[in-house]
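S.K.: So that you have it, the file is work05.pdb, and it contains PDB, C-alpha atoms:
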```
ATOM      1  CA  MET A 280      16.023  16.337 -40.860
ATOM      2  CA  LYS A 281      16.496  16.124 -37.141
ATOM      3  CA  SER A 282      18.927  13.720 -35.572
ATOM      4  CA  GLU A 283      18.142  10.834 -33.271
ATOM      5  CA  GLN A 284      19.159  12.903 -30.260
ATOM      6  CA  ASN A 285      16.522  15.450 -31.217
ATOM      7  CA  TYR A 286      13.751  12.857 -31.346
ATOM      8  CA  ILE A 287      14.751  11.499 -27.991
ATOM      9  CA  LYS A 288      14.694  15.042 -26.620
ATOM     10  CA  ASP A 289      11.234  15.542 -28.137
ATOM     11  CA  LEU A 290       9.922  12.447 -26.393
ATOM     12  CA  SER A 291      11.449  13.359 -23.064
ATOM     13  CA  ASP A 292       9.987  16.886 -23.364
ATOM     14  CA  ILE A 293       6.532  15.448 -24.042
ATOM     15  CA  ARG A 294       6.841  13.173 -21.084
ATOM     16  CA  GLN A 295       8.007  15.997 -18.851
ATOM     17  CA  MET A 296       5.166  18.298 -19.906
ATOM     18  CA  MET A 297       2.610  15.579 -19.211
ATOM     19  CA  GLU A 298       4.083  14.996 -15.773
ATOM     20  CA  ARG A 299       4.431  18.646 -14.895
ATOM     21  CA  SER A 300       0.899  19.526 -15.903
ATOM     22  CA  THR A 301      -0.770  16.717 -13.970
ATOM     23  CA  ARG A 302       1.348  16.167 -10.896
ATOM     24  CA  PHE A 303       2.035  18.481  -8.021
ATOM     25  CA  VAL A 304       5.684  17.971  -7.180
ATOM     26  CA  SER A 305       6.473  20.942  -4.981
ATOM     27  CA  LEU A 306       5.852  18.923  -1.812
ATOM     28  CA  THR A 307       9.047  18.397   0.133
ATOM     29  CA  GLY A 308      10.115  15.508   2.314
ATOM     30  CA  TRP A 309      10.691  17.967   5.129
ATOM     31  CA  SER A 310       6.966  18.774   5.325
ATOM     32  CA  GLY A 311       6.349  15.080   5.996
ATOM     33  CA  ILE A 312       9.020  14.938   8.685
ATOM     34  CA  MET A 313       7.662  18.064  10.400
ATOM     35  CA  ALA A 314       4.060  16.781  10.218
ATOM     36  CA  GLY A 315       5.222  13.566  11.867
ATOM     37  CA  ILE A 316       6.934  15.437  14.681
ATOM     38  CA  TYR A 317       3.853  17.595  15.357
ATOM     39  CA  ALA A 318       1.699  14.468  15.433
ATOM     40  CA  LEU A 319       4.005  12.691  17.892
ATOM     41  CA  VAL A 320       3.998  15.695  20.224
ATOM     42  CA  GLY A 321       0.207  15.909  19.889
ATOM     43  CA  ALA A 322      -0.220  12.213  20.636
ATOM     44  CA  TYR A 323       1.999  12.557  23.709
ATOM     45  CA  VAL A 324      -0.065  15.499  24.979
ATOM     46  CA  ALA A 325      -3.270  13.513  24.405
ATOM     47  CA  TYR A 326      -1.792  10.533  26.202
ATOM     48  CA  ARG A 327      -0.873  12.668  29.230
ATOM     49  CA  MET A 328      -4.371  14.086  29.297
ATOM     50  CA  PHE A 329      -5.991  10.669  29.338
ATOM     51  CA  TYR A 330      -3.844   8.234  31.202
ATOM     52  CA  SER A 331      -1.055   9.463  33.377
ATOM     53  CA  GLY A 332      -0.571  11.352  36.601
ATOM     54  CA  ASP A 333      -2.922  12.306  39.370
ATOM     55  CA  GLU A 334      -4.680  14.783  37.226
ATOM     56  CA  GLY A 335      -5.852  12.006  34.918
ATOM     57  CA  LYS A 336      -7.278   9.984  37.780
ATOM     58  CA  PHE A 337      -8.910  13.065  39.150
ATOM     59  CA  MET A 338     -10.590  13.634  35.832
ATOM     60  CA  THR A 339     -11.929  10.109  35.465
ATOM     61  CA  GLN A 340     -13.240  10.025  39.033
ATOM     62  CA  MET A 341     -15.171  13.209  38.531
ATOM     63  CA  SER A 342     -16.611  11.863  35.344
ATOM     64  CA  ASP A 343     -19.829  13.870  35.318
ATOM     65  CA  LYS A 344     -18.470  17.161  33.960
ATOM     66  CA  PRO A 345     -14.823  16.879  32.863
ATOM     67  CA  GLU A 346     -15.540  14.412  30.019
ATOM     68  CA  THR A 347     -16.613  17.143  27.677
ATOM     69  CA  ALA A 348     -13.716  19.307  28.828
ATOM     70  CA  ILE A 349     -11.263  16.556  27.886
ATOM     71  CA  ILE A 350     -12.898  16.026  24.533
ATOM     72  CA  LEU A 351     -12.713  19.722  23.821
ATOM     73  CA  GLN A 352      -9.054  19.783  24.787
ATOM     74  CA  LEU A 353      -8.335  16.759  22.600
ATOM     75  CA  PHE A 354     -10.074  18.449  19.722
ATOM     76  CA  LEU A 355      -7.980  21.537  20.258
ATOM     77  CA  VAL A 356      -4.780  19.461  20.232
ATOM     78  CA  ALA A 357      -5.847  17.689  17.044
ATOM     79  CA  LEU A 358      -6.727  20.988  15.408
ATOM     80  CA  ILE A 359      -3.386  22.567  16.302
ATOM     81  CA  VAL A 360      -1.492  19.533  14.967
ATOM     82  CA  LEU A 361      -3.494  19.656  11.728
ATOM     83  CA  ALA A 362      -3.053  23.408  11.276
ATOM     84  CA  LEU A 363       0.699  23.220  11.924
ATOM     85  CA  ALA A 364       1.160  20.292   9.527
ATOM     86  CA  ILE A 365      -0.834  21.873   6.699
ATOM     87  CA  GLY A 366       0.698  25.290   7.319
ATOM     88  CA  THR A 367       4.220  23.890   7.160
ATOM     89  CA  ALA A 368       3.463  21.930   3.973
ATOM     90  CA  ILE A 369       2.018  24.982   2.217
ATOM     91  CA  TRP A 370       4.815  27.259   3.360
ATOM     92  CA  MET A 371       7.552  24.840   2.236
ATOM     93  CA  SER A 372       5.836  24.097  -1.090
ATOM     94  CA  ALA A 373       5.392  27.804  -1.780
ATOM     95  CA  ARG A 374       9.042  28.433  -1.060
ATOM     96  CA  ARG A 375      10.128  25.638  -3.379
ATOM     97  CA  ALA A 376       7.740  26.692  -6.135
ATOM     98  CA  LYS A 377       9.095  30.219  -5.913
ATOM     99  CA  ARG A 378      12.651  28.997  -6.150
ATOM    100  CA  ARG A 379      11.756  27.062  -9.312
ATOM    101  CA  GLN A 380       9.759  30.029 -10.581
ATOM    102  CA  GLU A 381       6.474  28.150 -10.705
ATOM    103  CA  TYR A 382       3.109  29.154  -9.331
ATOM    104  CA  ILE A 383       2.082  26.972  -6.430
ATOM    105  CA  TRP A 384      -1.611  27.219  -7.314
ATOM    106  CA  ASN A 385      -1.515  25.532 -10.739
ATOM    107  CA  PRO A 386      -4.099  23.086 -12.146
ATOM    108  CA  ALA A 387      -2.174  20.132 -10.737
ATOM    109  CA  ALA A 388      -2.286  21.635  -7.235
ATOM    110  CA  ARG A 389      -5.989  22.341  -7.550
ATOM    111  CA  ARG A 390      -6.705  18.763  -8.534
ATOM    112  CA  LEU A 391      -4.570  17.466  -5.699
ATOM    113  CA  VAL A 392      -6.498  19.550  -3.175
ATOM    114  CA  VAL A 393      -9.899  18.500  -4.536
ATOM    115  CA  HIS A 394      -9.023  14.811  -4.510
ATOM    116  CA  LEU A 395      -7.596  15.047  -1.006
ATOM    117  CA  SER A 396     -10.584  16.985   0.309
ATOM    118  CA  ILE A 397     -13.407  14.666  -0.665
ATOM    119  CA  PRO A 398     -12.398  11.721   1.566
ATOM    120  CA  LEU A 399     -11.025  14.067   4.237
ATOM    121  CA  VAL A 400     -14.221  16.097   4.630
ATOM    122  CA  THR A 401     -16.257  12.883   4.593
ATOM    123  CA  GLY A 402     -13.989  11.530   7.316
ATOM    124  CA  GLY A 403     -14.264  14.731   9.323
ATOM    125  CA  LEU A 404     -18.063  14.570   9.286
ATOM    126  CA  PHE A 405     -17.969  10.861  10.088
ATOM    127  CA  ILE A 406     -15.771  11.519  13.113
ATOM    128  CA  LEU A 407     -18.002  14.379  14.226
ATOM    129  CA  ILE A 408     -20.940  11.959  14.242
ATOM    130  CA  LEU A 409     -18.865   9.420  16.203
ATOM    131  CA  VAL A 410     -18.155  12.104  18.802
ATOM    132  CA  LEU A 411     -21.809  13.070  19.056
ATOM    133  CA  LYS A 412     -22.764   9.415  19.477
ATOM    134  CA  GLY A 413     -20.079   8.946  22.117
ATOM    135  CA  MET A 414     -18.077   6.353  20.193
ATOM    136  CA  MET A 415     -14.720   7.774  21.221
ATOM    137  CA  GLY A 416     -12.752   4.572  20.687
ATOM    138  CA  LEU A 417     -13.310   4.744  16.944
ATOM    139  CA  ILE A 418     -12.100   8.303  16.411
ATOM    140  CA  ALA A 419      -8.397   7.524  16.052
ATOM    141  CA  PRO A 420      -8.814   4.518  13.725
ATOM    142  CA  ALA A 421     -11.449   6.324  11.642
ATOM    143  CA  SER A 422      -9.140   9.292  11.121
ATOM    144  CA  LEU A 423      -6.395   6.892   9.958
ATOM    145  CA  VAL A 424      -8.678   5.068   7.504
ATOM    146  CA  PHE A 425     -10.099   8.218   5.922
ATOM    147  CA  TYR A 426      -6.705   9.894   5.757
ATOM    148  CA  GLY A 427      -5.307   6.799   4.046
ATOM    149  CA  LEU A 428      -8.135   6.806   1.494
ATOM    150  CA  ALA A 429      -7.549  10.514   0.846
ATOM    151  CA  LEU A 430      -3.845   9.913   0.215
ATOM    152  CA  ILE A 431      -4.491   7.058  -2.203
ATOM    153  CA  ASN A 432      -7.094   9.156  -4.006
ATOM    154  CA  ALA A 433      -4.676  12.068  -4.339
ATOM    155  CA  SER A 434      -1.596  10.034  -5.228
ATOM    156  CA  LYS A 435      -2.380  10.237  -8.943
ATOM    157  CA  PHE A 436      -1.744  13.954  -8.786
ATOM    158  CA  THR A 437       1.525  14.023  -6.891
ATOM    159  CA  PHE A 438       4.372  11.633  -6.120
ATOM    160  CA  GLU A 439       3.358   7.998  -6.536
ATOM    161  CA  ASP A 440       4.981   7.226  -3.163
ATOM    162  CA  VAL A 441       2.044   8.869  -1.395
ATOM    163  CA  LYS A 442      -0.028   5.805  -2.300
ATOM    164  CA  PHE A 443       2.066   3.577  -0.051
ATOM    165  CA  LEU A 444       1.788   6.031   2.820
ATOM    166  CA  GLY A 445      -1.996   5.851   2.326
ATOM    167  CA  MET A 446      -2.015   2.054   2.363
ATOM    168  CA  ALA A 447      -0.038   2.021   5.602
ATOM    169  CA  GLN A 448      -2.554   4.407   7.219
ATOM    170  CA  ILE A 449      -5.494   2.220   6.178
ATOM    171  CA  VAL A 450      -3.887  -0.927   7.575
ATOM    172  CA  LEU A 451      -3.144   0.837  10.877
ATOM    173  CA  GLY A 452      -6.694   2.212  10.989
ATOM    174  CA  LEU A 453      -8.302  -1.194  10.466
ATOM    175  CA  LEU A 454      -5.978  -2.665  13.078
ATOM    176  CA  GLY A 455      -7.068   0.081  15.476
ATOM    177  CA  THR A 456     -10.733  -0.639  14.802
ATOM    178  CA  TRP A 457     -10.084  -4.242  15.798
ATOM    179  CA  MET A 458      -8.017  -3.423  18.882
ATOM    180  CA  THR A 459      -9.790  -0.393  20.254
ATOM    181  CA  GLY A 460      -7.419   0.008  23.186
ATOM    182  CA  ALA A 461      -4.442   0.562  20.916
ATOM    183  CA  GLY A 462      -6.073   3.462  19.064
ATOM    184  CA  LEU A 463      -3.780   6.195  20.281
ATOM    185  CA  ILE A 464      -0.536   4.289  19.831
ATOM    186  CA  LEU A 465      -1.544   3.249  16.298
ATOM    187  CA  TRP A 466      -2.519   6.857  15.598
ATOM    188  CA  ALA A 467       0.931   7.951  16.748
ATOM    189  CA  ILE A 468       2.546   5.359  14.477
ATOM    190  CA  GLY A 469       0.414   6.392  11.486
ATOM    191  CA  PHE A 470       0.453  10.157  11.731
ATOM    192  CA  GLY A 471       3.786  10.418  13.508
ATOM    193  CA  ILE A 472       6.263   7.727  12.574
ATOM    194  CA  MET A 473       4.868   6.956   9.105
ATOM    195  CA  HIS A 474       5.071  10.635   8.123
ATOM    196  CA  ILE A 475       8.652  10.836   9.327
ATOM    197  CA  VAL A 476       9.605   7.637   7.480
ATOM    198  CA  TYR A 477       7.874   8.946   4.348
ATOM    199  CA  GLY A 478       9.588  12.331   4.649
ATOM    200  CA  ILE A 479      13.029  10.792   5.018
ATOM    201  CA  HIS A 480      12.348   8.480   2.087
ATOM    202  CA  MET A 481      11.278  11.406  -0.124
ATOM    203  CA  GLN A 482      14.230  13.526   0.913
ATOM    204  CA  TRP A 483      16.589  10.657   0.231
ATOM    205  CA  ARG A 484      15.021   9.656  -3.073
ATOM    206  CA  TYR A 485      14.349  13.006  -4.743
ATOM    207  CA  GLU A 486      16.583  15.577  -3.097
ATOM    208  CA  ARG A 487      20.034  14.066  -3.151
TER     209      ARG A 487
ATOM    210  CA  MET B 172      14.464  -0.009 -49.456
ATOM    211  CA  GLU B 173      15.707   1.179 -46.065
ATOM    212  CA  VAL B 174      15.621   4.757 -47.180
ATOM    213  CA  ARG B 175      12.061   4.471 -48.384
ATOM    214  CA  LYS B 176      10.903   2.965 -45.130
ATOM    215  CA  VAL B 177      12.471   5.780 -43.127
ATOM    216  CA  LYS B 178      10.859   8.227 -45.484
ATOM    217  CA  THR B 179       7.380   6.866 -44.820
ATOM    218  CA  ILE B 180       7.978   7.138 -41.108
ATOM    219  CA  ILE B 181       9.164  10.704 -41.469
ATOM    220  CA  HIS B 182       5.940  11.301 -43.300
ATOM    221  CA  GLY B 183       4.129  10.268 -40.130
ATOM    222  CA  LEU B 184       5.819  13.077 -38.247
ATOM    223  CA  ASN B 185       3.464  15.983 -38.284
ATOM    224  CA  LYS B 186       4.852  19.280 -39.538
ATOM    225  CA  ALA B 187       2.567  21.106 -37.149
ATOM    226  CA  PHE B 188       4.458  19.606 -34.219
ATOM    227  CA  GLU B 189       7.939  20.558 -35.355
ATOM    228  CA  SER B 190       8.019  23.430 -32.914
ATOM    229  CA  ARG B 191       8.767  22.392 -29.399
ATOM    230  CA  ILE B 192       6.187  24.812 -28.028
ATOM    231  CA  ARG B 193       3.410  23.276 -30.108
ATOM    232  CA  LEU B 194       4.553  19.845 -29.032
ATOM    233  CA  GLY B 195       4.394  21.077 -25.441
ATOM    234  CA  ILE B 196       0.880  22.476 -25.873
ATOM    235  CA  MET B 197      -0.333  19.169 -27.279
ATOM    236  CA  SER B 198       1.371  17.198 -24.484
ATOM    237  CA  VAL B 199      -0.358  19.256 -21.811
ATOM    238  CA  LEU B 200      -3.728  18.978 -23.553
ATOM    239  CA  ALA B 201      -3.323  15.230 -23.960
ATOM    240  CA  VAL B 202      -3.483  14.780 -20.190
ATOM    241  CA  ASN B 203      -5.730  17.710 -19.196
ATOM    242  CA  ASP B 204      -9.332  17.933 -20.402
ATOM    243  CA  THR B 205      -9.159  21.714 -20.447
ATOM    244  CA  ILE B 206      -6.464  24.200 -19.559
ATOM    245  CA  ASP B 207      -6.430  27.979 -19.424
ATOM    246  CA  PHE B 208      -4.005  30.303 -21.129
ATOM    247  CA  ASN B 209      -2.115  31.313 -17.999
ATOM    248  CA  ALA B 210      -1.533  27.775 -16.801
ATOM    249  CA  LEU B 211      -0.250  26.843 -20.245
ATOM    250  CA  LYS B 212       2.049  29.845 -20.208
ATOM    251  CA  GLU B 213       3.483  28.759 -16.885
ATOM    252  CA  PHE B 214       4.084  25.163 -17.936
ATOM    253  CA  LEU B 215       5.754  26.121 -21.186
ATOM    254  CA  ASP B 216       7.597  29.179 -19.907
ATOM    255  CA  VAL B 217       6.915  31.354 -22.972
ATOM    256  CA  THR B 218       5.715  34.908 -23.611
ATOM    257  CA  ASP B 219       2.050  35.773 -24.243
ATOM    258  CA  GLY B 220       2.550  36.656 -27.898
ATOM    259  CA  ASN B 221       4.604  33.589 -28.661
ATOM    260  CA  LEU B 222       2.116  31.237 -27.030
ATOM    261  CA  ALA B 223      -0.859  32.937 -28.698
ATOM    262  CA  SER B 224       0.602  32.545 -32.180
ATOM    263  CA  HIS B 225       1.322  28.851 -31.655
ATOM    264  CA  LEU B 226      -2.170  28.306 -30.260
ATOM    265  CA  LYS B 227      -3.656  30.038 -33.276
ATOM    266  CA  ALA B 228      -1.710  27.780 -35.615
ATOM    267  CA  LEU B 229      -2.970  24.670 -33.835
ATOM    268  CA  GLU B 230      -6.486  26.039 -33.850
ATOM    269  CA  LYS B 231      -6.270  26.544 -37.604
ATOM    270  CA  GLU B 232      -5.365  22.863 -37.992
ATOM    271  CA  ASP B 233      -8.509  21.988 -35.984
ATOM    272  CA  PHE B 234      -6.325  20.349 -33.360
ATOM    273  CA  LEU B 235      -7.790  22.349 -30.505
ATOM    274  CA  VAL B 236     -10.891  24.311 -29.618
ATOM    275  CA  VAL B 237     -11.047  27.577 -27.747
ATOM    276  CA  ARG B 238     -13.701  28.605 -25.270
ATOM    277  CA  LYS B 239     -13.715  32.199 -24.105
ATOM    278  CA  SER B 240     -15.488  33.355 -20.993
ATOM    279  CA  PHE B 241     -15.185  35.842 -18.175
ATOM    280  CA  ILE B 242     -14.338  35.200 -14.550
ATOM    281  CA  GLY B 243     -15.595  38.376 -12.959
ATOM    282  CA  ARG B 244     -14.198  40.974 -15.295
ATOM    283  CA  LYS B 245     -11.123  39.041 -16.297
ATOM    284  CA  PRO B 246     -11.244  37.224 -19.615
ATOM    285  CA  ASN B 247     -10.541  33.529 -19.305
ATOM    286  CA  THR B 248      -9.622  31.387 -22.286
ATOM    287  CA  GLN B 249      -9.873  27.635 -22.058
ATOM    288  CA  TYR B 250      -8.328  25.249 -24.526
ATOM    289  CA  SER B 251      -9.057  21.621 -25.178
ATOM    290  CA  MET B 252      -7.976  19.049 -27.725
ATOM    291  CA  THR B 253     -10.198  17.922 -30.576
ATOM    292  CA  ARG B 254     -10.487  14.306 -31.634
ATOM    293  CA  LYS B 255      -8.524  15.191 -34.737
ATOM    294  CA  GLY B 256      -5.785  16.717 -32.612
ATOM    295  CA  LYS B 257      -5.592  13.657 -30.425
ATOM    296  CA  ALA B 258      -5.255  11.353 -33.441
ATOM    297  CA  ALA B 259      -2.563  13.548 -34.978
ATOM    298  CA  PHE B 260      -0.634  13.721 -31.711
ATOM    299  CA  GLU B 261      -0.776   9.959 -31.257
ATOM    300  CA  ALA B 262       0.394   9.366 -34.828
ATOM    301  CA  HIS B 263       3.252  11.756 -34.201
ATOM    302  CA  LEU B 264       4.260   9.932 -31.030
ATOM    303  CA  ASN B 265       4.194   6.593 -32.836
ATOM    304  CA  ALA B 266       6.359   7.978 -35.609
ATOM    305  CA  LEU B 267       8.881   9.321 -33.099
ATOM    306  CA  GLU B 268       8.989   5.958 -31.373
ATOM    307  CA  ASP B 269       9.526   4.091 -34.635
ATOM    308  CA  LEU B 270      12.352   6.374 -35.619
ATOM    309  CA  ILE B 271      14.148   5.900 -32.355
ATOM    310  CA  ASN B 272      13.654   2.134 -32.339
ATOM    311  CA  ARG B 273      14.982   1.925 -35.895
ATOM    312  CA  GLN B 274      18.148   3.786 -35.072
ATOM    313  CA  LYS B 275      18.989   1.615 -32.095
TER     314      LYS B 275
END
```
If you convert what's in this file into structure tokens, what do you get?

M.R.:
Amino acid sequence: MKSEQNYIKDLSDIRQMMERSTRFVSLTGWSGIMAGIYALVGAYVAYRMFYSGDEGKFMTQMSDKPETAIILQLFLVALIVLALAIGTAIWMSARRAKRRQEYIWNPAARRLVVHLSIPLVTGGLFILILVLKGMMGLIAPASLVFYGLALINASKFTFEDVKFLGMAQIVLGLLGTWMTGAGLILWAIGFGIMHIVYGIHMQWRYER
Amino acid sequence: MEVRKVKTIIHGLNKAFESRIRLGIMSVLAVNDTIDFNALKEFLDVTDGNLASHLKALEKEDFLVVRKSFIGRKPNTQYSMTRKGKAAFEAHLNALEDLINRQK
């Protein structure tokens, strides 16, 4: 007959297997911090393009052609920020998974990606339509809302903390929809500062 | 009296789950509708032969079903839990819980 210690070990093993096979836990806090920094730099670049300096005035005065140029540039900035953030997250997760001798592309990771993608792709298409319809003021808040929904949807398959990050993004997005002028600053708070706060929290909570 | 009670609880512990690997297989299947052989191998950190023999034993008990297919040319084996397996696993968990509560 096994001892009490053995039964407790059995239960903790069962629990661990259930967790490990459903949750993707190779994400590091550092990926969040880096994503936040990229976003802040991106938001600053976007801000310079729109508001400040003589160049900005020049652009708005000659509003017949440069509009599309600015939009294209903004898109490029957003794309670079996104690519850097995702690239860093994958690279850091792969490194950690390797160190723990796990495959990064396990069923939990697949489920995480699927559940993230559905709201994100929907949001991407939604924003594309906004651009085509010329509703520029709603782009930043819409990206926050859809990103927040994606995070909440995916939180079941990774750290639970992601859910709170998602809620914060949704609140900021709705706020931005209400106050259209504050779109960029709220975007910077959501994608920049919130990611950094989340990253520090994760690093502090799980890595010490 | 005490002894008899403990004995009935022990009876609830399923012999099939005495091995930690089998317990692990059932835990993974309890929270995943289906899972393939390689993923299972990774989670449990065991060799092919070892895992296969434990899977066979559980299959014999009718605790899991196997579905074989091919992805391209590679064979792919998917496992999922039967209703009988789920009931047995739950009974086993309850028995473990009782035992631990009793000894507190």

S.K.: Only residues of chain B matter here; which ones have an atom within 10 Å of chain A, counting all atoms listed in the file? Give them as a PyMOL selection string.

M.R.: chain B and resi 181+188-192+194-203+205-207+209-211+213-216+264+266-268+270-275

S.K.: Work out how far apart CA of Gly462 in chain A and CA of Pro420 in chain A are and give it in Å to one decimal.

M.R.: 6.1 Å

S.K.: Figure out the distance between CA of Ile350 in chain A and CA of Ala447 in chain A, please, to one decimal in Å.

M.R.: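 Going from CA of Ala447 in chain A over to CA of Ile350 in chain A covers 26.8 Å.
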
S.K.: Suppose you want the space between CA of Thr367 in chain A and CA of Val450 in chain A; what is it in Å?

M.R.: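 If I compute the distance from CA of Thr367 in chain A to CA of Val450 in chain A, I get 26.1 Å.
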
S.K.: Counting all atoms listed in the file, which of B:Ile242, B:Thr218, B:Lys227, B:Asn185 gets nearest to Ala258 in chain B?

M.R.: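 The closest residue to Ala258 in chain B is B:Asn185.
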
S.K.: Saving range 258-266 of chain B with all heavy atoms, as a compact mmCIF listing (two decimals), in the first residue's frame, what would that file be?

M.R.:
```
# COMPACT_ATOMS: atom_id res chain seq x y z
N ALA B 258 -15.23 7.66 -16.39
CA ALA B 258 -15.86 7.28 -15.11
C ALA B 258 -14.82 6.66 -14.18
O ALA B 258 -14.77 7.00 -12.98
CB ALA B 258 -17.00 6.29 -15.37
N ALA B 259 -13.98 5.79 -14.73
CA ALA B 259 -12.97 5.12 -13.91
C ALA B 259 -11.97 6.13 -13.35
O ALA B 259 -11.57 6.06 -12.19
CB ALA B 259 -12.25 4.06 -14.73
N PHE B 260 -11.58 7.08 -14.20
CA PHE B 260 -10.61 8.09 -13.78
C PHE B 260 -11.19 8.97 -12.68
O PHE B 260 -10.53 9.28 -11.70
CB PHE B 260 -10.20 8.93 -14.99
CG PHE B 260 -9.12 9.93 -14.71
CD1 PHE B 260 -7.88 9.51 -14.27
CD2 PHE B 260 -9.34 11.28 -14.89
CE1 PHE B 260 -6.87 10.42 -14.01
CE2 PHE B 260 -8.34 12.21 -14.63
CZ PHE B 260 -7.11 11.78 -14.19
N GLU B 261 -12.46 9.34 -12.85
CA GLU B 261 -13.10 10.18 -11.83
C GLU B 261 -13.22 9.44 -10.50
O GLU B 261 -12.99 10.00 -9.43
CB GLU B 261 -14.48 10.65 -12.31
CG GLU B 261 -14.39 12.01 -12.98
CD GLU B 261 -15.60 12.33 -13.84
OE1 GLU B 261 -16.68 11.74 -13.60
OE2 GLU B 261 -15.45 13.17 -14.75
N ALA B 262 -13.59 8.15 -10.57
CA ALA B 262 -13.70 7.35 -9.35
C ALA B 262 -12.35 7.27 -8.66
O ALA B 262 -12.25 7.36 -7.43
CB ALA B 262 -14.21 5.95 -9.69
N HIS B 263 -11.31 7.13 -9.46
CA HIS B 263 -9.96 7.04 -8.92
C HIS B 263 -9.56 8.34 -8.22
O HIS B 263 -9.00 8.32 -7.12
CB HIS B 263 -8.98 6.74 -10.07
CG HIS B 263 -7.58 6.50 -9.61
ND1 HIS B 263 -7.18 5.31 -9.05
CD2 HIS B 263 -6.49 7.31 -9.61
CE1 HIS B 263 -5.89 5.39 -8.74
NE2 HIS B 263 -5.45 6.59 -9.07
N LEU B 264 -9.90 9.45 -8.86
CA LEU B 264 -9.60 10.76 -8.25
C LEU B 264 -10.33 10.93 -6.92
O LEU B 264 -9.76 11.39 -5.94
CB LEU B 264 -10.01 11.89 -9.19
CG LEU B 264 -9.09 12.19 -10.36
CD1 LEU B 264 -9.59 13.42 -11.11
CD2 LEU B 264 -7.67 12.44 -9.88
N ASN B 265 -11.62 10.54 -6.92
CA ASN B 265 -12.39 10.65 -5.68
C ASN B 265 -11.79 9.81 -4.57
O ASN B 265 -11.71 10.24 -3.42
CB ASN B 265 -13.85 10.22 -5.92
CG ASN B 265 -14.59 11.26 -6.73
OD1 ASN B 265 -14.22 12.44 -6.72
ND2 ASN B 265 -15.63 10.84 -7.44
N ALA B 266 -11.36 8.61 -4.93
CA ALA B 266 -10.76 7.72 -3.94
C ALA B 266 -9.47 8.32 -3.38
O ALA B 266 -9.23 8.29 -2.17
CB ALA B 266 -10.48 6.36 -4.56
```
